[in-house]
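This is upload.cif (mmCIF, C-alpha atoms and all ligand atoms).
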data_data
#
loop_
_atom_site.label_atom_id
_atom_site.label_comp_id
_atom_site.auth_asym_id
_atom_site.auth_seq_id
_atom_site.Cartn_x
_atom_site.Cartn_y
_atom_site.Cartn_z
CA MET A 54 -125.21 -236.99 -146.73
CA LEU A 55 -125.26 -236.98 -150.51
CA THR A 56 -124.67 -240.42 -151.93
CA ASP A 57 -124.11 -241.70 -155.48
CA ASP A 58 -127.45 -243.50 -155.75
CA LEU A 59 -129.39 -240.25 -155.26
CA ASP A 60 -130.31 -238.34 -158.37
CA CYS A 61 -132.01 -234.98 -158.81
CA PHE A 62 -135.46 -236.64 -159.01
CA ASP A 63 -135.11 -237.75 -155.40
CA MET A 64 -134.64 -234.09 -154.50
CA VAL A 65 -137.93 -232.80 -155.87
CA ILE A 66 -141.21 -231.93 -154.25
CA CYS A 67 -144.33 -230.68 -155.94
CA GLY A 68 -145.52 -227.22 -154.99
CA ASN A 69 -148.88 -228.59 -153.92
CA GLU A 70 -147.19 -230.42 -151.04
CA ILE A 71 -146.42 -227.06 -149.46
CA SER A 72 -148.78 -225.50 -147.01
CA CYS A 73 -148.36 -222.60 -144.64
CA LYS A 74 -150.49 -221.32 -141.84
CA TRP A 75 -151.13 -218.05 -143.71
CA ASP A 76 -152.33 -219.69 -146.94
CA ASN A 77 -155.91 -219.43 -145.76
CA ASP A 78 -155.56 -216.62 -143.28
CA GLU A 79 -155.54 -213.17 -144.86
CA LYS A 80 -154.86 -211.39 -141.59
CA GLU A 81 -151.82 -213.57 -140.81
CA LEU A 82 -150.54 -213.15 -144.38
CA THR A 83 -150.94 -209.37 -144.19
CA ARG A 84 -149.17 -209.21 -140.83
CA ARG A 85 -146.24 -211.30 -142.07
CA ALA A 86 -145.98 -209.48 -145.39
CA LEU A 87 -145.88 -206.10 -143.65
CA ARG A 88 -143.21 -207.38 -141.25
CA GLU A 89 -141.11 -208.78 -144.12
CA MET A 90 -141.23 -205.53 -146.08
CA GLN A 91 -140.51 -203.43 -142.97
CA GLN A 92 -137.44 -205.57 -142.22
CA LYS A 93 -136.25 -205.41 -145.84
CA ARG A 94 -136.55 -201.63 -145.69
CA LEU A 95 -134.12 -201.53 -142.77
CA MET A 96 -131.87 -204.29 -144.05
CA ASN A 97 -131.22 -202.47 -147.32
CA LEU A 98 -130.59 -199.10 -145.75
CA PRO A 99 -126.98 -197.94 -146.35
CA THR A 100 -126.95 -196.07 -143.02
CA ILE A 101 -127.72 -199.26 -141.08
CA LYS A 102 -125.16 -201.23 -143.11
CA LYS A 103 -122.60 -198.55 -142.34
CA MET A 104 -123.41 -198.59 -138.63
CA LYS A 105 -122.91 -202.36 -138.56
CA LYS A 106 -119.67 -202.09 -140.52
CA GLN A 107 -118.33 -199.58 -138.02
CA CYS A 108 -118.87 -202.15 -135.25
CA GLN A 109 -117.26 -205.02 -137.17
CA ILE A 110 -114.03 -206.43 -135.75
CA ALA A 111 -113.70 -209.38 -138.14
CA GLN A 112 -115.99 -211.64 -140.15
CA ASN A 113 -118.83 -212.82 -137.87
CA ASN A 114 -117.39 -210.79 -135.03
CA TYR A 115 -119.06 -207.55 -134.03
CA LEU A 116 -118.69 -205.28 -131.06
CA CYS A 117 -122.07 -204.38 -129.59
CA PRO A 118 -122.04 -200.59 -129.22
CA ILE A 119 -124.36 -200.82 -126.21
CA CYS A 120 -122.96 -203.56 -123.94
CA LYS A 121 -119.47 -203.47 -125.51
CA THR A 122 -119.28 -207.27 -125.82
CA LYS A 123 -117.25 -208.69 -128.68
CA ASN A 124 -117.76 -211.94 -130.60
CA ASN A 125 -121.33 -211.20 -131.66
CA ASP A 126 -121.86 -213.03 -134.97
CA ILE A 127 -124.33 -210.37 -136.13
CA LEU A 128 -125.82 -207.11 -134.96
CA GLN A 129 -129.52 -206.48 -135.33
CA ALA A 130 -131.32 -203.29 -136.25
CA SER A 131 -133.22 -202.57 -133.10
CA HIS A 132 -136.18 -200.31 -132.37
CA ILE A 133 -135.90 -198.49 -129.07
CA GLY A 134 -139.16 -198.70 -127.13
CA GLN A 135 -142.20 -200.57 -128.38
CA PRO A 136 -141.23 -203.40 -130.75
CA ILE A 137 -142.25 -202.58 -134.34
CA ILE A 138 -144.03 -205.96 -134.59
CA LYS A 139 -146.46 -204.81 -131.88
CA LYS A 140 -147.14 -201.65 -133.87
CA ILE A 141 -147.67 -203.72 -137.03
CA ASN A 142 -150.08 -206.01 -135.18
CA ASN A 143 -152.03 -203.00 -133.91
CA ILE A 144 -152.27 -201.53 -137.43
CA VAL A 145 -153.50 -204.85 -138.85
CA ASP A 146 -156.02 -205.35 -136.03
CA ARG A 147 -157.39 -201.85 -136.47
CA TYR A 148 -157.37 -201.28 -140.23
CA ILE A 149 -157.37 -204.60 -142.09
CA ASP A 150 -161.05 -204.26 -143.01
CA THR A 151 -160.80 -200.66 -144.22
CA LEU A 152 -157.36 -200.18 -145.81
CA ASP A 153 -155.64 -201.99 -148.67
CA PHE A 154 -152.14 -203.44 -148.36
CA TYR A 155 -150.37 -200.34 -149.62
CA GLU A 156 -152.26 -198.11 -147.18
CA LEU A 157 -151.40 -200.50 -144.34
CA TYR A 158 -147.75 -200.40 -145.42
CA LYS A 159 -147.86 -196.58 -145.35
CA LYS A 160 -149.15 -196.76 -141.78
CA VAL A 161 -146.21 -199.00 -140.83
CA ILE A 162 -143.81 -196.46 -142.35
CA GLU A 163 -145.50 -193.68 -140.35
CA GLU A 164 -144.83 -195.68 -137.18
CA GLU A 165 -141.25 -196.34 -138.21
CA ASP A 166 -140.77 -192.62 -138.96
CA ASN A 167 -141.44 -192.00 -135.28
CA SER A 168 -139.03 -194.70 -134.09
CA LEU A 169 -135.43 -194.51 -133.01
CA ILE A 170 -133.37 -197.37 -134.40
CA THR A 171 -129.93 -198.52 -133.38
CA VAL A 172 -127.78 -201.59 -133.96
CA ALA A 173 -127.28 -204.02 -131.10
CA CYS A 174 -126.48 -207.60 -130.18
CA ARG A 175 -129.40 -210.02 -129.70
CA LYS A 176 -129.46 -209.53 -125.95
CA CYS A 177 -129.42 -205.73 -126.11
CA ASN A 178 -132.04 -205.84 -128.89
CA LYS A 179 -134.34 -207.63 -126.43
CA ASP A 180 -133.42 -205.26 -123.60
CA LEU A 181 -134.21 -202.19 -125.71
CA GLU A 182 -137.82 -203.25 -126.02
CA ASP A 183 -140.37 -201.93 -123.57
CA LYS A 184 -141.19 -204.64 -121.08
ZN ZN A 201 -125.17 -205.78 -126.53
#
Structure encoded using structure tokens:
Amino acid sequence: MLTDDLDCFDMVICGNEISCKWDNDEKELTRRALREMQQKRLMNLPTIKKMKKQCQIAQNNYLCPICKTKNNDILQASHIGQPIIKKINNIVDRYIDTLDFYELYKKVIEEEDNSLITVACRKCNKDLEDK
């Protein structure tokens, strides 16, 4: 709760107080960076936005095209089959010592090129993954 005796200087931290588990772990950083950029690629895609819009009933209320449930607050872009994160992990494990970031990213795109992607509720997103 914001109170009158707080000023902006109470709401400041110095950057050197921040630490993350990938700060000193190049492999973890690479894995996360590839995942972020892969997700952004999908998130910004007009086709995916349009698919979600077509399933929208009202604000924060989507019909899942797979299980037909309503009242889903969001729909997720969902890879059918092996989760893309597993493919990213395999690429990083295999090539981190031989390829630079851009080449790794290109490999992720190659994998995504061979994927089928749909929109689904959280539950169906999980169910669409290979067990
Ligand atoms: Zn569903």
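If one restricts the calculation to only C-alpha atoms and all ligand atoms, the set of residues situated within 12 Å of ligand ZN 201 (chain A) consists of Cys108, Tyr115, Leu116, Cys117, Pro118, Ile119, Cys120, Lys121, Thr122, Lys123, Asn124, Asn125, Asp126, Ile127, Leu128, Gln129, Ala130, Ser131, Thr171, Val172, Ala173, Cys174, Arg175, Lys176, Cys177, Asn178, Lys179, Asp180 and Leu181 of chain A.
If you measure from each of A:Asp166, A:Pro99, A:Val145, A:Val161 to Leu82 of chain A using only C-alpha atoms, the closest one turns out to be A:Val145.
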>> From the options A:Leu95, A:Met104, A:Leu169, A:Leu87, which residue's atoms come nearest to Ile141 of chain A, counting only C-alpha atoms?
In response: A:Leu87
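By only C-alpha atoms, and with residues fewer than 2 positions from Lys160 of chain A along its chain excluded, the set lying at most 12 Å from it is A:Leu87, A:Gln91, A:Ile137, A:Lys140, A:Ile141, A:Asn142, A:Asn143, A:Ile144, A:Val145, A:Arg147, A:Tyr148, A:Ile149, A:Leu152, A:Asp153, A:Phe154, A:Tyr155, A:Glu156, A:Leu157, A:Tyr158, A:Ile162, A:Glu163, A:Glu164, A:Glu165, A:Asp166, A:Asn167.
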What would the file look like if the residues just selected were written as a PDB file, in the frame of the given file with C-alpha atoms?
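Full text of again-v6.pdb as output:
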ATOM      1  CA  LEU A  87    -145.880-206.100-143.650  1.00  0.00           C
ATOM      2  CA  GLN A  91    -140.510-203.430-142.970  1.00  0.00           C
ATOM      3  CA  ILE A 137    -142.250-202.580-134.340  1.00  0.00           C
ATOM      4  CA  LYS A 140    -147.140-201.650-133.870  1.00  0.00           C
ATOM      5  CA  ILE A 141    -147.670-203.720-137.030  1.00  0.00           C
ATOM      6  CA  ASN A 142    -150.080-206.010-135.180  1.00  0.00           C
ATOM      7  CA  ASN A 143    -152.030-203.000-133.910  1.00  0.00           C
ATOM      8  CA  ILE A 144    -152.270-201.530-137.430  1.00  0.00           C
ATOM      9  CA  VAL A 145    -153.500-204.850-138.850  1.00  0.00           C
ATOM     10  CA  ARG A 147    -157.390-201.850-136.470  1.00  0.00           C
ATOM     11  CA  TYR A 148    -157.370-201.280-140.230  1.00  0.00           C
ATOM     12  CA  ILE A 149    -157.370-204.600-142.090  1.00  0.00           C
ATOM     13  CA  LEU A 152    -157.360-200.180-145.810  1.00  0.00           C
ATOM     14  CA  ASP A 153    -155.640-201.990-148.670  1.00  0.00           C
ATOM     15  CA  PHE A 154    -152.140-203.440-148.360  1.00  0.00           C
ATOM     16  CA  TYR A 155    -150.370-200.340-149.620  1.00  0.00           C
ATOM     17  CA  GLU A 156    -152.260-198.110-147.180  1.00  0.00           C
ATOM     18  CA  LEU A 157    -151.400-200.500-144.340  1.00  0.00           C
ATOM     19  CA  TYR A 158    -147.750-200.400-145.420  1.00  0.00           C
ATOM     20  CA  ILE A 162    -143.810-196.460-142.350  1.00  0.00           C
ATOM     21  CA  GLU A 163    -145.500-193.680-140.350  1.00  0.00           C
ATOM     22  CA  GLU A 164    -144.830-195.680-137.180  1.00  0.00           C
ATOM     23  CA  GLU A 165    -141.250-196.340-138.210  1.00  0.00           C
ATOM     24  CA  ASP A 166    -140.770-192.620-138.960  1.00  0.00           C
ATOM     25  CA  ASN A 167    -141.440-192.000-135.280  1.00  0.00           C
TER      26      ASN A 167
END
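The coordinates place atom CA of Asp150 of chain A at 17.0 Å from atom CA of Trp75 of chain A.
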>> At a cut-off of 6 Å, using all atoms listed in the file, what residues contact Glu182 of chain A? Leave out same-chain residues fewer than 6 positions from it and give the result as number ranges by chain.
In response: A: 133-136
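Atom pair atom CA of Gly68 of chain A / atom CA of Glu81 of chain A: separated by 20.7 Å.
Atom pair atom CA of Gln107 of chain A / atom CA of Asp183 of chain A has a distance of 26.5 Å (rounded to one decimal).
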>> Ranking A:Arg84, A:Met90, A:Ile170, A:Cys67 by minimum distance to Lys139 of chain A and counting all atoms listed in the file, which one comes first?
In response: A:Arg84
